[in-house]
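Below is entry.txt, holding compact mmCIF, C-alpha atoms and all ligand atoms.
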```txt
# COMPACT_ATOMS: atom_id res chain seq x y z
CA MET A 1 69.56 52.00 63.21
CA ALA A 2 68.02 52.87 66.57
CA LEU A 3 69.23 56.28 67.77
CA LEU A 4 67.39 56.08 71.07
CA GLU A 5 66.62 52.83 72.86
CA THR A 6 65.27 51.69 76.18
CA LYS A 7 65.72 48.21 77.60
CA ARG A 8 63.26 46.94 80.22
CA LEU A 9 63.01 50.49 81.54
CA THR A 10 61.11 50.69 84.83
CA LYS A 11 60.20 53.51 87.21
CA SER A 12 58.36 52.98 90.45
CA PHE A 13 56.99 55.66 92.75
CA GLY A 14 56.48 53.73 95.98
CA ALA A 15 53.97 50.97 95.24
CA LEU A 16 53.06 52.45 91.83
CA THR A 17 55.03 51.30 88.79
CA ALA A 18 54.52 54.19 86.37
CA VAL A 19 56.79 52.70 83.66
CA ASN A 20 57.03 48.94 83.64
CA GLY A 21 59.73 47.10 81.66
CA VAL A 22 59.47 49.30 78.56
CA SER A 23 61.75 48.30 75.66
CA LEU A 24 61.58 50.81 72.86
CA ALA A 25 63.70 51.49 69.78
CA VAL A 26 63.42 54.85 68.02
CA GLU A 27 64.94 54.66 64.54
CA ALA A 28 67.15 57.52 63.38
CA GLY A 29 65.17 59.98 61.26
CA SER A 30 61.76 58.59 62.24
CA LEU A 31 58.80 60.15 64.01
CA HIS A 32 57.86 57.73 66.78
CA SER A 33 54.74 58.46 68.82
CA ILE A 34 53.83 57.29 72.30
CA ILE A 35 50.14 57.05 73.01
CA GLY A 36 48.05 55.75 75.87
CA PRO A 37 45.27 56.82 78.21
CA ASN A 38 45.77 59.36 81.00
CA GLY A 39 48.19 58.03 83.60
CA ALA A 40 49.63 55.37 81.25
CA GLY A 41 53.18 56.56 82.00
CA LYS A 42 54.02 58.59 78.87
CA THR A 43 55.29 61.70 80.66
CA THR A 44 57.22 59.57 83.15
CA LEU A 45 58.89 57.82 80.19
CA PHE A 46 59.89 61.25 78.80
CA ASN A 47 61.22 62.25 82.23
CA LEU A 48 63.38 59.12 82.24
CA LEU A 49 64.64 59.74 78.70
CA THR A 50 65.64 63.32 79.52
CA GLY A 51 67.28 62.38 82.84
CA THR A 52 64.77 64.36 84.94
CA PHE A 53 64.98 61.41 87.30
CA PRO A 54 66.80 58.06 87.11
CA PRO A 55 64.97 54.80 86.38
CA THR A 56 64.41 52.21 89.09
CA SER A 57 65.87 49.63 86.70
CA GLY A 58 66.58 49.12 83.01
CA GLN A 59 68.72 51.00 80.52
CA ILE A 60 68.61 53.97 78.18
CA LEU A 61 70.90 53.93 75.14
CA PHE A 62 71.51 57.02 73.02
CA ASP A 63 73.44 56.41 69.82
CA GLN A 64 74.57 53.04 71.25
CA ASN A 65 75.91 54.65 74.45
CA ASP A 66 74.44 53.81 77.83
CA ILE A 67 73.17 57.10 79.28
CA THR A 68 71.17 55.56 82.14
CA GLY A 69 71.32 57.85 85.17
CA THR A 70 72.88 60.76 83.27
CA PRO A 71 71.51 64.03 84.72
CA ALA A 72 69.17 66.21 82.65
CA SER A 73 71.70 68.99 81.92
CA ARG A 74 74.17 66.45 80.50
CA VAL A 75 71.48 64.66 78.49
CA ALA A 76 70.47 67.97 76.90
CA HIS A 77 74.07 68.58 75.88
CA LEU A 78 74.25 65.11 74.34
CA GLY A 79 71.50 66.20 71.95
CA LEU A 80 68.13 65.25 73.41
CA ALA A 81 65.94 68.35 73.39
CA ARG A 82 62.49 68.54 74.85
CA SER A 83 59.71 70.90 73.99
CA TYR A 84 57.69 71.24 77.17
CA GLN A 85 53.94 71.17 77.61
CA ARG A 86 54.39 74.16 79.86
CA THR A 87 56.06 77.23 78.56
CA THR A 88 59.80 77.79 78.86
CA VAL A 89 59.73 81.16 77.16
CA PHE A 90 61.10 84.41 78.66
CA PRO A 91 58.11 86.75 78.12
CA ALA A 92 60.08 90.01 78.30
CA PHE A 93 62.72 88.88 75.79
CA SER A 94 62.37 89.24 72.04
CA LEU A 95 61.77 86.07 70.05
CA PHE A 96 65.28 86.28 68.70
CA ASP A 97 66.80 86.66 72.18
CA ASN A 98 64.80 83.67 73.41
CA VAL A 99 66.18 81.37 70.72
CA TRP A 100 69.64 82.95 70.80
CA VAL A 101 70.01 82.15 74.51
CA ALA A 102 68.98 78.55 73.81
CA ALA A 103 71.42 78.30 70.88
CA PHE A 104 74.23 79.89 72.93
CA ALA A 105 73.84 77.53 75.87
CA THR A 106 74.07 74.41 73.71
CA GLY A 107 76.88 71.92 73.56
CA LYS A 108 79.27 73.71 75.87
CA SER A 109 80.05 73.49 79.55
CA TRP A 110 79.70 76.77 81.48
CA LYS A 111 83.46 77.05 81.34
CA GLY A 112 83.27 76.59 77.57
CA LEU A 113 80.60 79.26 77.32
CA LEU A 114 82.96 81.86 78.74
CA HIS A 115 85.54 81.07 76.07
CA LYS A 116 83.48 81.33 72.94
CA LYS A 117 85.27 82.75 69.89
CA THR A 118 83.86 85.33 67.46
CA SER A 119 83.22 82.58 64.92
CA ASP A 120 81.21 80.71 67.57
CA TYR A 121 78.92 83.74 67.93
CA ALA A 122 78.24 83.81 64.19
CA GLU A 123 77.38 80.11 64.30
CA VAL A 124 75.07 80.63 67.31
CA THR A 125 73.32 83.55 65.64
CA GLY A 126 72.85 81.52 62.44
CA ARG A 127 71.35 78.62 64.39
CA ALA A 128 68.97 80.97 66.23
CA ARG A 129 67.82 82.57 62.95
CA GLN A 130 67.34 79.15 61.35
CA ALA A 131 65.24 77.91 64.30
CA LEU A 132 62.89 80.90 64.03
CA GLN A 133 62.67 80.38 60.29
CA ASP A 134 61.90 76.67 60.75
CA VAL A 135 58.82 77.49 62.82
CA GLY A 136 57.72 80.40 60.60
CA LEU A 137 58.35 83.16 63.15
CA GLU A 138 61.28 84.94 61.49
CA GLN A 139 59.14 87.97 60.60
CA LYS A 140 58.39 88.52 64.29
CA SER A 141 61.93 88.06 65.61
CA THR A 142 62.09 91.53 67.23
CA GLN A 143 58.71 91.27 68.97
CA LEU A 144 58.57 90.45 72.67
CA ALA A 145 57.55 86.88 73.42
CA ARG A 146 54.68 88.08 75.57
CA GLN A 147 53.09 89.73 72.53
CA LEU A 148 52.59 86.38 70.80
CA SER A 149 49.33 84.46 70.59
CA HIS A 150 49.13 81.17 72.46
CA GLY A 151 49.71 79.19 69.28
CA GLU A 152 52.76 81.28 68.38
CA GLN A 153 54.16 80.79 71.89
CA ARG A 154 54.03 77.03 71.30
CA GLN A 155 55.85 77.56 67.98
CA LEU A 156 58.47 79.60 69.83
CA GLU A 157 58.91 76.78 72.38
CA LEU A 158 59.60 74.47 69.49
CA ALA A 159 62.10 76.97 68.04
CA ILE A 160 63.86 77.08 71.44
CA ALA A 161 64.22 73.29 71.33
CA LEU A 162 65.42 73.41 67.70
CA ALA A 163 67.98 76.13 68.43
CA ALA A 164 69.87 73.55 70.47
CA ALA A 165 70.44 71.60 67.20
CA PRO A 166 69.14 68.41 68.80
CA ARG A 167 69.67 64.91 67.47
CA VAL A 168 66.41 63.79 69.03
CA LEU A 169 63.45 66.08 69.62
CA LEU A 170 60.96 65.04 72.30
CA LEU A 171 57.60 66.70 71.82
CA ASP A 172 55.16 66.58 74.73
CA GLU A 173 51.68 67.38 73.43
CA PRO A 174 52.72 70.22 71.11
CA ALA A 175 49.07 70.87 70.16
CA ALA A 176 47.71 70.98 73.73
CA GLY A 177 45.39 73.95 74.22
CA LEU A 178 45.62 75.12 70.60
CA SER A 179 42.68 76.23 68.45
CA PRO A 180 41.86 74.13 65.36
CA GLU A 181 43.68 76.65 63.13
CA GLU A 182 46.73 76.76 65.43
CA THR A 183 46.68 72.95 65.60
CA ARG A 184 46.74 72.75 61.79
CA ARG A 185 49.76 75.04 61.74
CA MET A 186 51.56 72.99 64.41
CA VAL A 187 50.88 69.73 62.57
CA ALA A 188 52.22 71.24 59.33
CA LEU A 189 55.28 72.34 61.26
CA VAL A 190 55.92 68.91 62.76
CA ARG A 191 55.49 67.40 59.31
CA ALA A 192 57.99 69.83 57.83
CA LEU A 193 60.53 68.80 60.47
CA LYS A 194 60.10 65.11 59.68
CA GLY A 195 63.19 63.48 58.28
CA ARG A 196 65.41 66.34 59.48
CA TYR A 197 65.09 65.30 63.09
CA THR A 198 64.45 62.09 64.93
CA MET A 199 61.28 62.88 66.88
CA VAL A 200 59.42 61.25 69.74
CA LEU A 201 55.91 62.60 70.16
CA ILE A 202 53.37 62.32 72.96
CA GLU A 203 49.97 63.45 71.75
CA HIS A 204 46.38 62.75 72.71
CA LYS A 205 44.76 63.83 69.46
CA MET A 206 44.46 60.62 67.45
CA ASP A 207 44.03 62.31 64.08
CA ILE A 208 47.39 64.03 64.55
CA ILE A 209 49.07 60.81 65.69
CA MET A 210 47.71 58.79 62.80
CA SER A 211 48.67 61.38 60.19
CA VAL A 212 52.25 62.19 61.24
CA SER A 213 53.71 59.05 62.87
CA ASP A 214 56.04 56.52 61.26
CA ARG A 215 55.64 54.23 64.25
CA ILE A 216 53.42 54.24 67.30
CA SER A 217 54.01 52.62 70.68
CA VAL A 218 51.00 52.16 72.93
CA MET A 219 51.32 52.30 76.72
CA HIS A 220 48.75 51.03 79.17
CA PHE A 221 49.27 50.98 82.96
CA GLY A 222 53.01 51.58 82.47
CA SER A 223 53.59 48.74 79.99
CA LEU A 224 53.92 48.71 76.23
CA ILE A 225 50.98 46.76 74.83
CA ALA A 226 51.54 47.32 71.11
CA GLU A 227 53.88 48.83 68.56
CA GLY A 228 53.49 49.33 64.85
CA THR A 229 52.63 51.61 61.96
CA PRO A 230 49.51 53.80 62.25
CA ALA A 231 47.57 51.31 60.11
CA GLU A 232 48.66 48.39 62.29
CA ILE A 233 47.79 50.22 65.50
CA GLN A 234 44.38 51.21 64.19
CA LYS A 235 43.64 47.54 63.49
CA ASN A 236 45.10 46.17 66.73
CA ALA A 237 42.36 44.61 68.86
CA ASP A 238 44.26 44.99 72.17
CA VAL A 239 44.76 48.68 71.51
CA ARG A 240 41.11 49.22 70.70
CA ARG A 241 40.05 47.40 73.83
CA ALA A 242 42.56 49.03 76.17
CA TYR A 243 42.84 52.51 74.78
CA LEU A 244 40.57 53.44 71.96
CA GLY A 245 37.53 51.69 73.44
CA GLY A 246 36.48 50.69 69.95
CA VAL A 247 35.84 54.29 68.87
CA ALA A 248 38.60 54.53 66.26
CA ALA A 249 36.99 52.31 63.67
N1 LIG B 301 56.68 62.20 90.59
C1 LIG B 301 55.70 61.30 90.77
N2 LIG B 301 55.44 60.78 91.99
C2 LIG B 301 54.45 59.87 92.17
N3 LIG B 301 53.66 59.40 91.17
C3 LIG B 301 53.88 59.90 89.94
C4 LIG B 301 54.89 60.86 89.67
N4 LIG B 301 54.87 61.16 88.33
C5 LIG B 301 53.87 60.42 87.82
N5 LIG B 301 53.28 59.65 88.77
C6 LIG B 301 52.20 58.70 88.55
O1 LIG B 301 52.61 57.81 87.52
C7 LIG B 301 51.51 57.44 86.70
C8 LIG B 301 51.84 57.77 85.27
O2 LIG B 301 51.79 59.18 85.09
P1 LIG B 301 52.24 59.94 83.77
O3 LIG B 301 52.10 61.41 84.02
O4 LIG B 301 53.56 59.44 83.34
O5 LIG B 301 51.12 59.45 82.75
P2 LIG B 301 50.76 60.03 81.30
O6 LIG B 301 50.56 58.85 80.43
O7 LIG B 301 51.76 61.03 80.90
O8 LIG B 301 49.37 60.72 81.60
P3 LIG B 301 48.72 62.05 80.89
O9 LIG B 301 48.33 61.60 79.53
O10 LIG B 301 47.54 62.32 81.78
O11 LIG B 301 49.75 63.13 80.92
C9 LIG B 301 50.30 58.20 87.23
O12 LIG B 301 49.56 57.32 88.07
C10 LIG B 301 50.91 59.32 88.04
O13 LIG B 301 50.07 59.72 89.09
```
Show how you would write the structure in this file as structure tokens.
Ligand SMILES: Nc1ncnc2c1ncn2[C@@H]1O[C@H](COP(=O)(O)OP(=O)(O)OP(=O)(O)O)[C@@H](O)[C@H]1O
Amino acid sequence: MALLETKRLTKSFGALTAVNGVSLAVEAGSLHSIIGPNGAGKTTLFNLLTGTFPPTSGQILFDQNDITGTPASRVAHLGLARSYQRTTVFPAFSLFDNVWVAAFATGKSWKGLLHKKTSDYAEVTGRARQALQDVGLEQKSTQLARQLSHGEQRQLELAIALAAAPRVLLLDEPAAGLSPEETRRMVALVRALKGRYTMVLIEHKMDIIMSVSDRISVMHFGSLIAEGTPAEIQKNADVRRAYLGGVAA
């Protein structure tokens, strides 16, 4: 069953159509990657999915419900969490406080937040602990976020997204700017989360994409030009021509 779907989704900025009639179905429990050259429209697609801005036309369905035009704050509460390319960490907070705040703010309106019960706090604290454990940072929970290495900061960003107990996790280049060792750790982490979360991944590093994805959709000039398993995408002649330039043999 598709948990997240788009139907002929389109976004134009003036004369430029950044996302052009994209129909996508992300199966529940799968890791679905979006690849494509710079400027292909991947980040714009994420911005549409998270409600950062509304589409020009087309539809977004989340768990069979039409969420087209739903603002970002509402979309997050519905269970679509995004781990940003740029950091969303509070540097002067401890790791635990960073994830606790994210866990606390989840699933409730501001009015609801003011009326949490004691049992709610225990649940929030448990979710925050679990998120840090999931990314392997539980030993450092009392350290300040600013004391972390760059790679650990990216892990913390992921923990912040996980603390929201999302149903779909959108990962925007989680390995960007990481060293080879940090990249290995991040890939292991994403792999460990597979099956537990439905994930949509944007990533430029082809070795990562090919090793972790269940399905891959390829964008080129705003349109989807191919979709399939890693093996199918690697063999696809259109993809090689348009994106890989024949280098991924
Ligand atoms: N807010 C905006 N206003 C105008 N044009 C935009 C806006 N956001 C993106 N674009 C344009 O839309 C096109 C697609 O950009 P987008 O960032 O979605 O591509 P991308 O595939 O994520 O690229 P990259 O891999 O470099 O991040 C680009 O030509 C970009 O300049």
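Of the listed residues (A:Ala102, A:Leu189, A:Leu24, A:Leu137), A:Leu24 comes nearest to Gly228 in chain A; the distances count all atoms listed in the file.
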Legend entry - Distance filter 6 Å around ligand LIG 301 (chain B), atoms: only C-alpha atoms and all ligand atoms, out as a VMD selection string: chain A and resid 13 18 37 to 44
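Of note, CA of Pro230 in chain A and CA of Lys11 in chain A are spaced 27.2 Å apart.
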Legend entry - Close residues, range 158-171 of chain A itself excluded, 8 Å, only C-alpha atoms, min 4 positions apart in chain, as a list in words: Phe46, Gly79, Leu80, Ala81, Arg82, Ser83, Tyr84, Asn98, Val99, Trp100, Ala102, Ala103, Ala105, Thr106, Gly107, Arg127, Ala128, Gln130, Ala131, Leu132, Asp134, Val135, Arg154, Tyr197, Thr198, Met199, Val200, Leu201 and Ile202 of chain A
Inset, instruction - With only C-alpha atoms counted, which protein, DNA or RNA residues have an atom no more than 8 Å from (58.4, 57.9, 59.5) in the file frame? Please answer as a count of residues only. - result: 10
Complete the atoms of range 196-231 of chain A to N, CA and C atoms and put them out as a JSON list (two decimals), keeping the file's coordinate frame.
```json
[["chain", "number", "residue", "atom", "x", "y", "z"],
["A", 196, "ARG", "N", 64.24, 65.54, 59.06],
["A", 196, "ARG", "CA", 65.41, 66.34, 59.48],
["A", 196, "ARG", "C", 65.81, 66.01, 60.91],
["A", 197, "TYR", "N", 64.82, 65.65, 61.70],
["A", 197, "TYR", "CA", 65.09, 65.30, 63.09],
["A", 197, "TYR", "C", 64.47, 63.96, 63.42],
["A", 198, "THR", "N", 65.09, 63.25, 64.35],
["A", 198, "THR", "CA", 64.45, 62.09, 64.93],
["A", 198, "THR", "C", 63.52, 62.65, 66.01],
["A", 199, "MET", "N", 62.24, 62.27, 65.94],
["A", 199, "MET", "CA", 61.28, 62.88, 66.88],
["A", 199, "MET", "C", 60.51, 61.81, 67.65],
["A", 200, "VAL", "N", 60.30, 62.09, 68.92],
["A", 200, "VAL", "CA", 59.42, 61.25, 69.74],
["A", 200, "VAL", "C", 58.29, 62.17, 70.21],
["A", 201, "LEU", "N", 57.07, 61.74, 69.94],
["A", 201, "LEU", "CA", 55.91, 62.60, 70.16],
["A", 201, "LEU", "C", 54.92, 61.96, 71.11],
["A", 202, "ILE", "N", 54.52, 62.71, 72.14],
["A", 202, "ILE", "CA", 53.37, 62.32, 72.96],
["A", 202, "ILE", "C", 52.22, 63.22, 72.52],
["A", 203, "GLU", "N", 51.10, 62.64, 72.19],
["A", 203, "GLU", "CA", 49.97, 63.45, 71.75],
["A", 203, "GLU", "C", 48.68, 62.68, 72.01],
["A", 204, "HIS", "N", 47.66, 63.40, 72.44],
["A", 204, "HIS", "CA", 46.38, 62.75, 72.71],
["A", 204, "HIS", "C", 45.48, 62.74, 71.48],
["A", 205, "LYS", "N", 45.69, 63.72, 70.60],
["A", 205, "LYS", "CA", 44.76, 63.83, 69.46],
["A", 205, "LYS", "C", 45.10, 62.76, 68.43],
["A", 206, "MET", "N", 44.19, 61.79, 68.28],
["A", 206, "MET", "CA", 44.46, 60.62, 67.45],
["A", 206, "MET", "C", 44.63, 60.96, 65.97],
["A", 207, "ASP", "N", 43.89, 61.97, 65.50],
["A", 207, "ASP", "CA", 44.03, 62.31, 64.08],
["A", 207, "ASP", "C", 45.44, 62.81, 63.77],
["A", 208, "ILE", "N", 46.02, 63.55, 64.73],
["A", 208, "ILE", "CA", 47.39, 64.03, 64.55],
["A", 208, "ILE", "C", 48.34, 62.83, 64.54],
["A", 209, "ILE", "N", 48.19, 61.98, 65.55],
["A", 209, "ILE", "CA", 49.07, 60.81, 65.69],
["A", 209, "ILE", "C", 49.04, 59.97, 64.42],
["A", 210, "MET", "N", 47.84, 59.68, 63.95],
["A", 210, "MET", "CA", 47.71, 58.79, 62.80],
["A", 210, "MET", "C", 48.27, 59.42, 61.53],
["A", 211, "SER", "N", 48.23, 60.75, 61.43],
["A", 211, "SER", "CA", 48.67, 61.38, 60.19],
["A", 211, "SER", "C", 50.17, 61.68, 60.14],
["A", 212, "VAL", "N", 50.83, 61.81, 61.31],
["A", 212, "VAL", "CA", 52.25, 62.19, 61.24],
["A", 212, "VAL", "C", 53.24, 61.08, 61.60],
["A", 213, "SER", "N", 52.76, 60.03, 62.30],
["A", 213, "SER", "CA", 53.71, 59.05, 62.87],
["A", 213, "SER", "C", 54.23, 58.06, 61.83],
["A", 214, "ASP", "N", 55.51, 57.68, 61.98],
["A", 214, "ASP", "CA", 56.04, 56.52, 61.26],
["A", 214, "ASP", "C", 55.72, 55.26, 62.05],
["A", 215, "ARG", "N", 55.97, 55.36, 63.37],
["A", 215, "ARG", "CA", 55.64, 54.23, 64.25],
["A", 215, "ARG", "C", 54.95, 54.75, 65.49],
["A", 216, "ILE", "N", 54.15, 53.87, 66.09],
["A", 216, "ILE", "CA", 53.42, 54.24, 67.30],
["A", 216, "ILE", "C", 53.63, 53.14, 68.33],
["A", 217, "SER", "N", 53.97, 53.56, 69.56],
["A", 217, "SER", "CA", 54.01, 52.62, 70.68],
["A", 217, "SER", "C", 52.86, 52.97, 71.61],
["A", 218, "VAL", "N", 52.17, 51.94, 72.08],
["A", 218, "VAL", "CA", 51.00, 52.16, 72.93],
["A", 218, "VAL", "C", 51.31, 51.71, 74.35],
["A", 219, "MET", "N", 51.11, 52.63, 75.30],
["A", 219, "MET", "CA", 51.32, 52.30, 76.72],
["A", 219, "MET", "C", 49.99, 52.15, 77.41],
["A", 220, "HIS", "N", 49.96, 51.23, 78.37],
["A", 220, "HIS", "CA", 48.75, 51.03, 79.17],
["A", 220, "HIS", "C", 49.21, 50.57, 80.55],
["A", 221, "PHE", "N", 48.83, 51.29, 81.59],
["A", 221, "PHE", "CA", 49.27, 50.98, 82.96],
["A", 221, "PHE", "C", 50.78, 50.75, 83.02],
["A", 222, "GLY", "N", 51.55, 51.62, 82.36],
["A", 222, "GLY", "CA", 53.01, 51.58, 82.47],
["A", 222, "GLY", "C", 53.72, 50.64, 81.51],
["A", 223, "SER", "N", 52.96, 49.72, 80.89],
["A", 223, "SER", "CA", 53.59, 48.74, 79.99],
["A", 223, "SER", "C", 53.30, 49.07, 78.54],
["A", 224, "LEU", "N", 54.19, 48.61, 77.66],
["A", 224, "LEU", "CA", 53.92, 48.71, 76.23],
["A", 224, "LEU", "C", 53.01, 47.55, 75.85],
["A", 225, "ILE", "N", 51.87, 47.86, 75.22],
["A", 225, "ILE", "CA", 50.98, 46.76, 74.83],
["A", 225, "ILE", "C", 50.96, 46.55, 73.32],
["A", 226, "ALA", "N", 51.50, 47.49, 72.57],
["A", 226, "ALA", "CA", 51.54, 47.32, 71.11],
["A", 226, "ALA", "C", 52.53, 48.29, 70.50],
["A", 227, "GLU", "N", 53.04, 47.91, 69.33],
["A", 227, "GLU", "CA", 53.88, 48.83, 68.56],
["A", 227, "GLU", "C", 53.70, 48.53, 67.09],
["A", 228, "GLY", "N", 53.63, 49.57, 66.28],
["A", 228, "GLY", "CA", 53.49, 49.33, 64.85],
["A", 228, "GLY", "C", 53.27, 50.61, 64.08],
["A", 229, "THR", "N", 52.95, 50.46, 62.80],
["A", 229, "THR", "CA", 52.63, 51.61, 61.96],
["A", 229, "THR", "C", 51.24, 52.11, 62.34],
["A", 230, "PRO", "N", 50.86, 53.33, 61.94],
["A", 230, "PRO", "CA", 49.51, 53.80, 62.25],
["A", 230, "PRO", "C", 48.43, 52.82, 61.79],
["A", 231, "ALA", "N", 48.59, 52.25, 60.61],
["A", 231, "ALA", "CA", 47.57, 51.31, 60.11],
["A", 231, "ALA", "C", 47.49, 50.08, 61.00]]
```
